[in-house]
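Okay, my_file02.csv now, which holds CSV, C-alpha atoms and all ligand atoms:
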chain,number,residue,atom,x,y,z
A,1,MET,CA,-3.5,232.4,-24.7
A,2,GLU,CA,-3.5,234.9,-21.9
A,3,LYS,CA,-6.7,236.8,-21.0
A,4,ILE,CA,-5.7,240.4,-20.6
A,5,SER,CA,-7.0,243.3,-18.6
A,6,VAL,CA,-5.6,246.8,-18.4
A,7,ILE,CA,-6.1,249.0,-15.4
A,8,GLY,CA,-6.3,252.7,-16.2
A,9,THR,CA,-7.5,254.6,-19.2
A,10,GLY,CA,-4.9,257.5,-19.2
A,11,THR,CA,-2.0,258.2,-21.5
A,12,MET,CA,-0.5,254.7,-21.2
A,13,GLY,CA,-3.6,252.6,-20.4
A,14,HIS,CA,-5.6,253.3,-23.6
A,15,SER,CA,-2.5,253.1,-25.8
A,16,ILE,CA,-1.5,249.7,-24.3
A,17,ALA,CA,-5.1,248.4,-24.8
A,18,LEU,CA,-4.8,249.5,-28.5
A,19,THR,CA,-1.5,247.7,-28.8
A,20,ILE,CA,-3.1,244.5,-27.5
A,21,ALA,CA,-6.2,244.7,-29.7
A,22,TRP,CA,-4.1,245.5,-32.7
A,23,ALA,CA,-2.4,242.2,-32.1
A,24,ASN,CA,-5.8,240.6,-32.4
A,25,LEU,CA,-6.3,239.8,-28.7
A,26,PRO,CA,-9.4,240.8,-26.7
A,27,VAL,CA,-8.7,243.2,-23.8
A,28,ILE,CA,-10.8,244.5,-20.9
A,29,VAL,CA,-9.9,248.0,-19.7
A,30,TYR,CA,-10.9,249.2,-16.2
A,31,GLY,CA,-11.7,252.9,-16.1
A,32,LEU,CA,-12.7,255.0,-13.1
A,33,ASP,CA,-15.8,256.6,-14.6
A,34,ASP,CA,-17.7,257.3,-17.8
A,35,ASP,CA,-15.7,260.5,-18.5
A,36,GLU,CA,-12.4,258.7,-18.3
A,37,ILE,CA,-13.7,255.9,-20.5
A,38,GLN,CA,-14.9,258.3,-23.0
A,39,LYS,CA,-11.5,260.0,-23.2
A,40,ALA,CA,-9.9,256.7,-23.7
A,41,ILE,CA,-12.3,255.8,-26.5
A,42,GLU,CA,-11.5,259.1,-28.2
A,43,GLY,CA,-7.8,258.6,-27.7
A,44,ILE,CA,-8.0,255.2,-29.4
A,45,GLN,CA,-10.1,256.6,-32.2
A,46,ASN,CA,-7.6,259.4,-32.9
A,47,LYS,CA,-4.7,256.9,-32.9
A,48,THR,CA,-6.4,254.4,-35.2
A,49,GLU,CA,-7.3,257.4,-37.5
A,50,MET,CA,-3.7,258.4,-37.7
A,51,LEU,CA,-2.6,254.8,-38.3
A,52,LYS,CA,-5.2,254.6,-41.1
A,53,GLU,CA,-3.9,257.9,-42.7
A,54,ASN,CA,-0.5,256.3,-42.7
A,55,GLN,CA,-1.8,253.2,-44.4
A,56,ILE,CA,-0.9,251.0,-41.5
A,57,LEU,CA,-4.5,250.1,-40.7
A,58,ASP,CA,-7.4,249.7,-43.0
A,59,GLU,CA,-11.1,250.1,-42.2
A,60,ASN,CA,-11.6,246.4,-41.4
A,61,LYS,CA,-8.7,246.1,-39.1
A,62,THR,CA,-9.7,249.3,-37.3
A,63,LYS,CA,-13.2,247.8,-36.7
A,64,GLN,CA,-11.6,244.6,-35.4
A,65,ILE,CA,-9.5,246.6,-33.0
A,66,ILE,CA,-12.4,248.5,-31.6
A,67,GLU,CA,-14.4,245.3,-31.2
A,68,HIS,CA,-11.6,243.7,-29.2
A,69,ILE,CA,-11.6,246.5,-26.6
A,70,ARG,CA,-14.2,246.4,-23.8
A,71,PHE,CA,-14.4,248.8,-20.9
A,72,SER,CA,-15.6,248.3,-17.4
A,73,LYS,CA,-16.1,250.5,-14.3
A,74,ASP,CA,-16.3,247.5,-12.1
A,75,LEU,CA,-12.8,246.4,-11.0
A,76,GLU,CA,-13.8,242.9,-10.1
A,77,ALA,CA,-15.7,242.3,-13.4
A,78,ALA,CA,-12.8,243.8,-15.3
A,79,VAL,CA,-10.2,241.4,-13.9
A,80,SER,CA,-11.9,238.3,-12.5
A,81,GLU,CA,-11.3,236.3,-15.7
A,82,ALA,CA,-7.9,237.7,-16.5
A,83,THR,CA,-4.7,235.7,-16.5
A,84,PHE,CA,-2.5,238.8,-17.2
A,85,ILE,CA,-3.2,242.2,-15.7
A,86,ILE,CA,-1.3,245.3,-16.8
A,87,GLU,CA,-1.7,248.2,-14.4
A,88,ALA,CA,-1.3,251.7,-15.7
A,89,ALA,CA,-2.7,253.7,-12.8
A,90,PRO,CA,-1.0,256.9,-11.5
A,91,GLU,CA,2.6,256.8,-10.4
A,92,ASN,CA,2.0,256.6,-6.6
A,93,LEU,CA,3.4,253.7,-4.5
A,94,GLU,CA,0.6,253.6,-1.9
A,95,LEU,CA,-2.1,253.8,-4.6
A,96,LYS,CA,-0.5,250.9,-6.5
A,97,GLN,CA,0.0,248.8,-3.3
A,98,LYS,CA,-3.7,249.2,-2.5
A,99,LEU,CA,-4.8,248.5,-6.0
A,100,PHE,CA,-2.7,245.3,-6.2
A,101,LYS,CA,-4.0,244.1,-2.9
A,102,GLU,CA,-7.5,244.5,-4.3
A,103,LEU,CA,-6.5,242.8,-7.5
A,104,GLU,CA,-5.2,239.8,-5.5
A,105,GLN,CA,-8.6,239.3,-4.0
A,106,PHE,CA,-10.2,239.1,-7.4
A,107,CYS,CA,-7.9,236.7,-9.3
A,108,THR,CA,-6.2,233.4,-9.0
A,109,LYS,CA,-2.6,233.1,-7.7
A,110,ASP,CA,-1.3,232.4,-11.2
A,111,THR,CA,-2.6,235.6,-12.7
A,112,ILE,CA,0.3,237.9,-13.6
A,113,LEU,CA,0.1,241.4,-12.0
A,114,ALA,CA,2.3,243.6,-14.1
A,115,SER,CA,2.9,247.2,-13.4
A,116,ASN,CA,3.7,249.8,-16.1
A,117,SER,CA,5.4,252.0,-13.5
A,118,SER,CA,8.3,254.0,-14.9
A,119,SER,CA,10.3,253.7,-11.7
A,120,LEU,CA,8.6,251.9,-8.8
A,121,PRO,CA,10.1,248.5,-8.0
A,122,PRO,CA,7.8,245.5,-8.3
A,123,THR,CA,9.1,244.2,-4.9
A,124,LYS,CA,7.7,247.3,-3.2
A,125,ILE,CA,4.4,247.2,-5.1
A,126,ALA,CA,4.0,243.6,-4.1
A,127,GLN,CA,5.1,244.2,-0.5
A,128,ASN,CA,1.8,243.3,1.1
A,129,LEU,CA,0.6,240.6,-1.2
A,130,GLN,CA,0.1,236.9,-0.4
A,131,TYR,CA,1.5,235.8,-3.8
A,132,PRO,CA,4.3,238.3,-4.8
A,133,GLN,CA,6.0,235.8,-7.0
A,134,ARG,CA,3.7,236.7,-9.9
A,135,VAL,CA,4.3,240.5,-9.7
A,136,LEU,CA,6.6,242.1,-12.2
A,137,GLY,CA,7.0,245.2,-14.3
A,138,THR,CA,6.1,245.6,-17.9
A,139,HIS,CA,7.4,249.1,-18.7
A,140,PHE,CA,6.0,250.2,-22.0
A,141,TRP,CA,7.3,253.4,-23.6
A,142,ASN,CA,5.1,256.3,-24.6
A,143,PRO,CA,3.5,256.2,-27.1
A,144,ALA,CA,3.0,252.5,-26.3
A,145,HIS,CA,1.3,251.7,-29.6
A,146,LEU,CA,4.3,253.1,-31.6
A,147,LEU,CA,7.4,252.2,-29.6
A,148,PRO,CA,8.4,248.6,-29.6
A,149,LEU,CA,10.4,248.3,-26.4
A,150,VAL,CA,8.9,246.8,-23.2
A,151,GLU,CA,11.2,246.5,-20.2
A,152,ILE,CA,10.2,243.4,-18.1
A,153,ILE,CA,11.3,244.0,-14.5
A,154,LYS,CA,12.0,241.1,-12.2
A,155,GLY,CA,11.2,241.7,-8.5
A,156,GLU,CA,13.1,240.0,-5.7
A,157,LYS,CA,10.4,237.4,-5.5
A,158,THR,CA,9.3,237.1,-9.1
A,159,GLU,CA,9.5,233.6,-10.3
A,160,HIS,CA,11.0,232.7,-13.7
A,161,ILE,CA,7.9,231.1,-15.1
A,162,PHE,CA,6.0,234.4,-14.8
A,163,ILE,CA,8.9,236.3,-16.5
A,164,GLU,CA,8.7,233.7,-19.4
A,165,ARG,CA,4.9,234.2,-19.7
A,166,ALA,CA,5.4,238.0,-19.7
A,167,ARG,CA,8.1,237.7,-22.4
A,168,ASP,CA,5.8,235.5,-24.5
A,169,LEU,CA,2.9,237.8,-24.3
A,170,MET,CA,5.0,240.9,-25.2
A,171,ILE,CA,6.3,239.1,-28.3
A,172,ARG,CA,2.8,238.0,-29.1
A,173,ILE,CA,1.6,241.7,-29.1
A,174,ASN,CA,4.5,242.6,-31.3
A,175,LYS,CA,6.7,244.2,-28.7
A,176,GLN,CA,10.4,243.7,-28.2
A,177,PRO,CA,11.0,242.8,-24.5
A,178,ILE,CA,14.2,243.2,-22.6
A,179,LEU,CA,14.8,241.7,-19.2
A,180,VAL,CA,15.8,244.0,-16.3
A,181,ASN,CA,17.2,241.6,-13.7
A,182,LYS,CA,17.6,244.0,-10.9
A,183,GLU,CA,15.2,246.7,-9.7
A,184,VAL,CA,17.5,249.7,-10.3
A,185,VAL,CA,15.9,253.2,-10.3
A,186,GLY,CA,14.9,254.1,-13.9
A,187,PHE,CA,15.4,250.5,-15.1
A,188,VAL,CA,17.6,250.5,-18.2
A,189,GLY,CA,16.0,252.9,-20.7
A,190,ASN,CA,15.4,255.8,-18.4
A,191,ARG,CA,18.8,255.6,-16.8
A,192,LEU,CA,20.4,255.9,-20.2
A,193,GLN,CA,18.0,258.7,-21.2
A,194,PHE,CA,18.7,260.7,-18.0
A,195,ALA,CA,22.5,260.2,-18.2
A,196,LEU,CA,22.3,262.0,-21.5
A,197,PHE,CA,19.9,264.6,-20.1
A,198,ARG,CA,22.1,265.3,-17.1
A,199,GLU,CA,25.1,265.9,-19.4
A,200,ALA,CA,23.0,268.1,-21.7
A,201,GLN,CA,21.9,270.2,-18.7
A,202,HIS,CA,25.5,270.5,-17.6
A,203,LEU,CA,26.8,271.5,-21.1
A,204,TYR,CA,24.2,274.3,-21.2
A,205,GLU,CA,24.7,275.5,-17.6
A,206,THR,CA,28.5,275.8,-18.2
A,207,GLU,CA,27.9,277.7,-21.4
A,208,VAL,CA,29.6,275.2,-23.6
A,209,ALA,CA,26.8,275.4,-26.2
A,210,SER,CA,23.2,276.7,-26.6
A,211,ILE,CA,20.1,274.6,-26.1
A,212,HIS,CA,19.4,274.4,-29.8
A,213,ASP,CA,23.0,273.4,-30.6
A,214,ILE,CA,23.1,270.7,-27.9
A,215,ASP,CA,19.8,269.2,-29.3
A,216,THR,CA,21.2,269.5,-32.8
A,217,ALA,CA,24.4,267.7,-31.8
A,218,VAL,CA,22.4,264.7,-30.6
A,219,GLN,CA,19.9,264.7,-33.5
A,220,LEU,CA,22.5,264.8,-36.2
A,221,SER,CA,25.1,262.4,-34.7
A,222,ILE,CA,24.5,259.9,-32.0
A,223,GLY,CA,20.7,260.2,-32.4
A,224,ARG,CA,20.8,259.0,-36.0
A,225,ARG,CA,23.1,256.1,-35.2
A,226,LEU,CA,21.5,254.9,-31.9
A,227,GLY,CA,18.4,253.6,-33.7
A,228,ILE,CA,20.6,251.1,-35.4
A,229,THR,CA,23.5,250.4,-33.1
A,230,GLY,CA,23.2,250.8,-29.3
A,231,PRO,CA,26.1,252.0,-27.2
A,232,PHE,CA,27.9,248.7,-27.1
A,233,MET,CA,27.6,248.0,-30.8
A,234,THR,CA,28.6,251.6,-31.6
A,235,ALA,CA,31.7,251.1,-29.5
A,236,ASP,CA,32.6,247.8,-31.3
A,237,LEU,CA,32.2,249.5,-34.6
A,238,GLY,CA,34.2,252.5,-33.5
A,239,GLY,CA,37.0,250.4,-32.0
A,240,LEU,CA,37.3,249.4,-28.4
A,241,ASP,CA,40.8,250.8,-28.0
A,242,ILE,CA,39.5,254.2,-29.0
A,243,PHE,CA,36.3,254.0,-26.8
A,244,LYS,CA,38.4,252.8,-23.8
A,245,SER,CA,40.8,255.6,-24.2
A,246,ILE,CA,38.0,258.2,-24.5
A,247,SER,CA,36.2,256.7,-21.5
A,248,ASP,CA,39.3,257.0,-19.4
A,249,TYR,CA,39.9,260.7,-20.1
A,250,THR,CA,36.3,261.8,-20.3
A,251,PHE,CA,34.4,260.1,-17.4
A,252,SER,CA,36.1,262.1,-14.7
A,253,ASP,CA,35.0,265.3,-16.5
A,254,LEU,CA,31.3,264.3,-17.1
A,255,SER,CA,28.6,265.8,-14.9
A,256,ASN,CA,28.0,263.9,-11.6
A,257,GLN,CA,25.4,266.4,-10.4
A,258,GLU,CA,22.9,264.8,-8.0
A,259,THR,CA,19.9,267.0,-8.7
A,260,ALA,CA,18.3,268.8,-11.6
A,261,SER,CA,20.1,271.9,-12.9
A,262,ASP,CA,19.3,275.5,-11.9
A,263,THR,CA,17.7,276.3,-15.2
A,264,ILE,CA,15.1,273.5,-15.1
A,265,ASN,CA,14.4,274.2,-11.5
A,266,GLN,CA,13.8,277.9,-12.3
A,267,PHE,CA,11.5,276.9,-15.3
A,268,VAL,CA,9.4,274.6,-13.1
A,269,HIS,CA,9.3,277.2,-10.3
A,270,GLU,CA,7.9,279.8,-12.8
A,271,GLY,CA,5.3,277.3,-14.2
A,272,HIS,CA,7.2,276.8,-17.5
A,273,LEU,CA,6.7,273.1,-17.9
A,274,GLY,CA,7.5,272.7,-21.6
A,275,GLU,CA,5.1,272.1,-24.4
A,276,LYS,CA,2.1,271.6,-22.1
A,277,SER,CA,2.4,275.1,-20.7
A,278,GLY,CA,3.6,276.8,-23.9
A,279,LYS,CA,7.2,277.4,-22.7
A,280,GLY,CA,10.2,275.5,-21.5
A,281,TYR,CA,13.6,275.2,-23.2
A,282,TYR,CA,11.7,276.3,-26.3
A,283,GLU,CA,8.7,278.5,-27.0
A,284,TRP,CA,5.8,276.2,-27.9
A,285,GLU,CA,3.4,278.1,-30.1
A,286,GLU,CA,0.5,276.1,-31.3
A,287,ARG,CA,1.9,275.7,-34.8
A,288,PHE,CA,5.3,274.7,-33.7
A,289,SER,CA,3.9,272.3,-31.3
A,290,LYS,CA,1.7,270.6,-33.9
A,291,GLU,CA,4.6,270.5,-36.4
A,292,MET,CA,7.0,268.9,-34.0
A,293,LYS,CA,4.5,266.3,-32.8
A,294,GLN,CA,3.7,265.4,-36.4
A,295,LYS,CA,7.3,265.1,-37.3
A,296,ARG,CA,8.0,262.8,-34.3
A,297,GLU,CA,5.0,260.7,-35.0
A,298,ALA,CA,5.9,260.4,-38.7
A,299,GLU,CA,9.4,259.2,-37.8
A,300,LEU,CA,8.0,256.6,-35.3
A,301,ILE,CA,5.7,255.4,-38.0
A,302,ARG,CA,8.5,255.2,-40.5
A,303,TRP,CA,10.4,252.9,-38.0
A,304,LEU,CA,7.3,250.9,-37.4
A,305,LYS,CA,6.9,250.2,-41.2
A,306,LYS,CA,10.6,249.3,-41.3
A,307,ASP,CA,10.1,246.8,-38.4
A,308,ALA,CA,7.1,245.3,-40.1
A,309,LYS,CA,9.3,244.4,-43.1
A,310,LYS,CA,11.9,242.5,-41.0
B,401,LIG,N1,3.1,258.9,-19.5
B,401,LIG,C1,4.2,258.4,-19.8
B,401,LIG,O1,5.0,258.9,-20.6
B,401,LIG,C2,4.6,257.0,-19.2
B,401,LIG,C3,5.5,256.2,-19.8
B,401,LIG,C4,5.9,255.0,-19.3
B,401,LIG,C5,5.3,254.6,-18.1
B,401,LIG,N2,4.4,255.4,-17.4
B,401,LIG,C6,3.7,254.9,-16.2
B,401,LIG,O2,2.4,254.4,-16.5
B,401,LIG,C7,1.6,254.6,-15.4
B,401,LIG,C8,0.4,255.4,-15.9
B,401,LIG,O3,0.8,256.7,-16.4
B,401,LIG,P1,-0.1,257.6,-17.3
B,401,LIG,O4,0.9,258.6,-17.9
B,401,LIG,O5,-0.9,256.7,-18.2
B,401,LIG,O6,-1.0,258.3,-16.2
B,401,LIG,P2,-2.4,259.1,-16.5
B,401,LIG,O7,-2.5,260.0,-15.3
B,401,LIG,O8,-2.5,259.5,-17.9
B,401,LIG,O9,-3.4,257.9,-16.3
B,401,LIG,C9,-3.7,257.2,-15.1
B,401,LIG,C10,-5.0,256.6,-15.1
B,401,LIG,O10,-5.3,255.9,-13.9
B,401,LIG,C11,-6.6,256.2,-13.5
B,401,LIG,N3,-6.7,256.0,-12.0
B,401,LIG,C12,-6.6,257.0,-11.1
B,401,LIG,N4,-6.7,256.4,-9.8
B,401,LIG,C13,-6.9,255.1,-10.1
B,401,LIG,C14,-7.1,254.0,-9.2
B,401,LIG,N5,-7.1,254.1,-7.9
B,401,LIG,N6,-7.3,252.7,-9.8
B,401,LIG,C15,-7.2,252.6,-11.1
B,401,LIG,N7,-7.0,253.6,-12.0
B,401,LIG,C16,-6.8,254.8,-11.4
B,401,LIG,C17,-6.9,257.6,-13.9
B,401,LIG,O11,-8.2,257.8,-14.0
B,401,LIG,C18,-6.2,257.6,-15.3
B,401,LIG,O12,-7.1,257.0,-16.3
B,401,LIG,C19,2.4,255.3,-14.3
B,401,LIG,O13,2.9,254.3,-13.4
B,401,LIG,C20,3.6,255.9,-15.1
B,401,LIG,O14,4.8,256.0,-14.4
B,401,LIG,C21,4.0,256.6,-18.0
Please rewrite the model in this file as C-alpha cells.
Amino acid sequence: MEKISVIGTGTMGHSIALTIAWANLPVIVYGLDDDEIQKAIEGIQNKTEMLKENQILDENKTKQIIEHIRFSKDLEAAVSEATFIIEAAPENLELKQKLFKELEQFCTKDTILASNSSSLPPTKIAQNLQYPQRVLGTHFWNPAHLLPLVEIIKGEKTEHIFIERARDLMIRINKQPILVNKEVVGFVGNRLQFALFREAQHLYETEVASIHDIDTAVQLSIGRRLGITGPFMTADLGGLDIFKSISDYTFSDLSNQETASDTINQFVHEGHLGEKSGKGYYEWEERFSKEMKQKREAELIRWLKKDAKK
C-alpha cells in the first residue's frame, strides 16, 4: 500500500487528508506553521462533526480518522518515507516548480509527485526535475471529502505505471478517477463548467433572462439530469438525430467570448467577490449564506449515501 503525504493544509489539503484517513490509511500532512496546522485540525474536526450529524461517521470511526492524520512542519520528515505525495500548495507555477524540486531531493525516483492544481500542466510543474516520469495531476474537487471525482492528468513524460498506481490509490480512497490524456487548460471538469458559465454570462448580458431565472433553468432541468446522465448519455437518451440537429443550428449562435463578461469584471473591480465579500450576483446576508451552504452540503451528503449503497 502507498505511503501518503499531503503538502498544504488549506481548503484542499486538509480535506484530501481527511478523505485518505477516512479510507483507513495513514497520512502525513506538511503545514507551513503551527497556525496553519491548527486551522487544518479545526477544519477536519468541523467536517467530521458534520459527517457524524449526518450519521455517516460514528464516534469510533471519527477517532480512527483523527489518529490516522499526522502533521509536520518539516518538509523532509513529512515526505521522506512517502511513496505518493499529493501537493495542494497555492496555485502558482514557480512555487510549485520550486517545491517539486525540493521534494525530488527528499524521496526516491519511484515516489509519485501528484499535483492537485486546478489548471497547471504536470509537464510544466515537472520541467526542472530529474525524474519527471512520476509527476502527474490528481485534481480533487472541492469539497474533496464529499465529491467523488478525481481527474488524473497525464503529463507529456508521465509513465503509464504511475498513472496506474494513481488510479489504484484513488479507487482505494473511495474516489472515482477519470484519466485526462492531454494537458488541456481546465482539464475536463472545469472546461465543461466554464463552457456553461460563459453561456450563462452571455444570456444575462444580452438580457435574455435574469440571473435568478438562468440559475433556475439549470437547477430544474439539466442540473437534475446531469448527476445521472452526463452529456453523451443524455444525448443518447434524447436521440442523436435530435441532438445533432440542435448542435448544427445552435453552435454558431453560442457565445465564443474570449474573456469574462462586463458584469463580472465590474463586480470584481468594485470588490464584490460573491459570498466571501457579501455581494456578487446575489446578496449574501449571513442567514442566506448559511442556508445555501447547508442545502448544498446536505445534497452532496445525500449523493454520498446513495454512492455507498451501490
Ligand atoms: N479551492 C478549490 O476549490 C480548489 C479545487 C480544486 C483544486 N484546487 C487546487 O488546489 C491547490 C490548493 O488550493 P487551496 O484552495 O487548498 O489553497 P489554499 O490557499 O487554501 O491552501 C494552500 C496551502 O498551501 C500552503 N503553502 C503556502 N506556501 C507553501 C509552500 N511554499 N509550500 C507548501 N505549502 C505552502 C498554505 O499555507 C496553505 O495551507 C491549488 O493548486 C488549487 O488550484 C483548489
At a cut-off of 8 Å and counting all atoms listed in the file, what residues surround ligand LIG 401 (chain B)? Please answer as an mmCIF file with C-alpha atoms, in the coordinates of the input.
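What ended up in part.cif:
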data_model
loop_
_atom_site.group_PDB
_atom_site.id
_atom_site.type_symbol
_atom_site.label_atom_id
_atom_site.label_comp_id
_atom_site.auth_asym_id
_atom_site.auth_seq_id
_atom_site.Cartn_x
_atom_site.Cartn_y
_atom_site.Cartn_z
ATOM 1 C CA ILE A 7 -6.100 249.000 -15.400
ATOM 2 C CA GLY A 8 -6.300 252.700 -16.200
ATOM 3 C CA THR A 9 -7.500 254.600 -19.200
ATOM 4 C CA GLY A 10 -4.900 257.500 -19.200
ATOM 5 C CA THR A 11 -2.000 258.200 -21.500
ATOM 6 C CA MET A 12 -0.500 254.700 -21.200
ATOM 7 C CA GLY A 13 -3.600 252.600 -20.400
ATOM 8 C CA HIS A 14 -5.600 253.300 -23.600
ATOM 9 C CA TYR A 30 -10.900 249.200 -16.200
ATOM 10 C CA GLY A 31 -11.700 252.900 -16.100
ATOM 11 C CA LEU A 32 -12.700 255.000 -13.100
ATOM 12 C CA ASP A 33 -15.800 256.600 -14.600
ATOM 13 C CA GLU A 36 -12.400 258.700 -18.300
ATOM 14 C CA ILE A 37 -13.700 255.900 -20.500
ATOM 15 C CA ALA A 40 -9.900 256.700 -23.700
ATOM 16 C CA GLU A 87 -1.700 248.200 -14.400
ATOM 17 C CA ALA A 88 -1.300 251.700 -15.700
ATOM 18 C CA ALA A 89 -2.700 253.700 -12.800
ATOM 19 C CA PRO A 90 -1.000 256.900 -11.500
ATOM 20 C CA GLU A 91 2.600 256.800 -10.400
ATOM 21 C CA ASN A 92 2.000 256.600 -6.600
ATOM 22 C CA LEU A 95 -2.100 253.800 -4.600
ATOM 23 C CA LYS A 96 -0.500 250.900 -6.500
ATOM 24 C CA LEU A 99 -4.800 248.500 -6.000
ATOM 25 C CA SER A 115 2.900 247.200 -13.400
ATOM 26 C CA ASN A 116 3.700 249.800 -16.100
ATOM 27 C CA SER A 117 5.400 252.000 -13.500
ATOM 28 C CA SER A 118 8.300 254.000 -14.900
ATOM 29 C CA SER A 119 10.300 253.700 -11.700
ATOM 30 C CA LEU A 120 8.600 251.900 -8.800
ATOM 31 C CA HIS A 139 7.400 249.100 -18.700
ATOM 32 C CA PHE A 140 6.000 250.200 -22.000
ATOM 33 C CA TRP A 141 7.300 253.400 -23.600
ATOM 34 C CA ASN A 142 5.100 256.300 -24.600
ATOM 35 C CA PRO A 143 3.500 256.200 -27.100
ATOM 36 C CA ALA A 144 3.000 252.500 -26.300
#
At most 6 Å from (-8.4, 237.1, -18.3), file frame, only C-alpha atoms: which residues, as a PDB file with C-alpha atoms, keeping the file's coordinate frame?
ATOM      1  CA  LYS A   3      -6.700 236.800 -21.000  1.00  0.00           C
ATOM      2  CA  ILE A   4      -5.700 240.400 -20.600  1.00  0.00           C
ATOM      3  CA  GLU A  81     -11.300 236.300 -15.700  1.00  0.00           C
ATOM      4  CA  ALA A  82      -7.900 237.700 -16.500  1.00  0.00           C
ATOM      5  CA  THR A  83      -4.700 235.700 -16.500  1.00  0.00           C
TER       6      THR A  83
END
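In this comparison, which uses all atoms listed in the file, the residue of A:Glu67, A:Asp262, A:Asp58, A:Asp253 approaching Ile20 of chain A most closely is A:Glu67.
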**Prompt:** Which one of A:Thr108, A:Glu286, A:His145, A:Lys39 sits closest to Gln130 of chain A if you count all atoms listed in the file?
**Reply:**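 Of A:Thr108, A:Glu286, A:His145, A:Lys39, the one nearest Gln130 of chain A, counting all atoms listed in the file, is A:Thr108.
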Kindly provide, as a PDB file with C-alpha atoms, in the coordinates of the input, the polymer residues lying within 10 Å of (-13.9, 246.0, -22.8), counting all atoms listed in the file and using the coordinates exactly as they appear in the file.
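Final output, out.pdb:
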ATOM      1  CA  SER A   5      -7.000 243.300 -18.600  1.00  0.00           C
ATOM      2  CA  VAL A   6      -5.600 246.800 -18.400  1.00  0.00           C
ATOM      3  CA  ALA A  17      -5.100 248.400 -24.800  1.00  0.00           C
ATOM      4  CA  PRO A  26      -9.400 240.800 -26.700  1.00  0.00           C
ATOM      5  CA  VAL A  27      -8.700 243.200 -23.800  1.00  0.00           C
ATOM      6  CA  ILE A  28     -10.800 244.500 -20.900  1.00  0.00           C
ATOM      7  CA  VAL A  29      -9.900 248.000 -19.700  1.00  0.00           C
ATOM      8  CA  TYR A  30     -10.900 249.200 -16.200  1.00  0.00           C
ATOM      9  CA  GLY A  31     -11.700 252.900 -16.100  1.00  0.00           C
ATOM     10  CA  ILE A  66     -12.400 248.500 -31.600  1.00  0.00           C
ATOM     11  CA  GLU A  67     -14.400 245.300 -31.200  1.00  0.00           C
ATOM     12  CA  HIS A  68     -11.600 243.700 -29.200  1.00  0.00           C
ATOM     13  CA  ILE A  69     -11.600 246.500 -26.600  1.00  0.00           C
ATOM     14  CA  ARG A  70     -14.200 246.400 -23.800  1.00  0.00           C
ATOM     15  CA  PHE A  71     -14.400 248.800 -20.900  1.00  0.00           C
ATOM     16  CA  SER A  72     -15.600 248.300 -17.400  1.00  0.00           C
ATOM     17  CA  LYS A  73     -16.100 250.500 -14.300  1.00  0.00           C
ATOM     18  CA  ALA A  78     -12.800 243.800 -15.300  1.00  0.00           C
TER      19      ALA A  78
END
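Atom CA of Ser255 of chain A is found 5.7 Å from atom CA of Glu199 of chain A.
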**Message:** I want to know what sits within 9 Å of Leu103 of chain A, based on only C-alpha atoms, with residues of the same chain fewer than 2 positions away left out; could you give that as a list in words?
**Reply:**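 So the residues in contact are Leu75, Glu76, Val79, Ser80, Ile85, Lys98, Leu99, Phe100, Lys101, Gln105, Phe106, Cys107 and Leu113 of chain A.
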Please build the interface table for segment 99-130 of chain A against segment 150-169 of chain A with a cut-off of 7 Å, listing for each qualifying residue the nearest atom pair and the distance in Å to one decimal; count all atoms listed in the file, order rows by chain and increasing number, and write it as a Markdown table.
| residue | atom | partner | partner_atom | distance |
| --- | --- | --- | --- | --- |
| A:Ile112 | CA | A:Phe162 | CA | 6.8 |
| A:Pro121 | CA | A:Gly155 | CA | 6.9 |
| A:Pro122 | CA | A:Gly155 | CA | 5.1 |
| A:Thr123 | CA | A:Gly155 | CA | 4.9 |
**Atom pair atom CA of Ile86 of chain A / atom CA of Arg134 of chain A: separation (Å)** =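 Atom-to-atom, atom CA of Ile86 of chain A and atom CA of Arg134 of chain A are spaced 12.1 Å apart.
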**Request:** Tell me, as a list in words, which residues lie within 8 Å of Arg198 of chain A, counting only C-alpha atoms; anything in the same chain fewer than 2 positions away does not count.
**Result:**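 Listed by chain and then number, they are Phe194, Ala195, Leu196, Ala200, Gln201, His202, Ser255, Gln257 and Ala260 of chain A.
Using only C-alpha atoms, the shortest contact distance between Leu226 of chain A and any of A:Leu18, A:Met292, A:Leu57, A:Leu192 is found at A:Leu192.
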Hey, what's within 8 Å of Leu129 of chain A if we count only C-alpha atoms and toss same-chain stuff fewer than 2 positions away? As a PDB file with C-alpha atoms, in the coordinates of the input, please?
ATOM      1  CA  PHE A 100      -2.700 245.300  -6.200  1.00  0.00           C
ATOM      2  CA  LYS A 101      -4.000 244.100  -2.900  1.00  0.00           C
ATOM      3  CA  GLU A 104      -5.200 239.800  -5.500  1.00  0.00           C
ATOM      4  CA  ALA A 126       4.000 243.600  -4.100  1.00  0.00           C
ATOM      5  CA  GLN A 127       5.100 244.200  -0.500  1.00  0.00           C
ATOM      6  CA  TYR A 131       1.500 235.800  -3.800  1.00  0.00           C
ATOM      7  CA  PRO A 132       4.300 238.300  -4.800  1.00  0.00           C
TER       8      PRO A 132
END
**Prompt:** In Å, with one decimal, what is the gap from atom CA of Phe243 of chain A to atom CA of Glu207 of chain A?
**Reply:** 25.7 Å
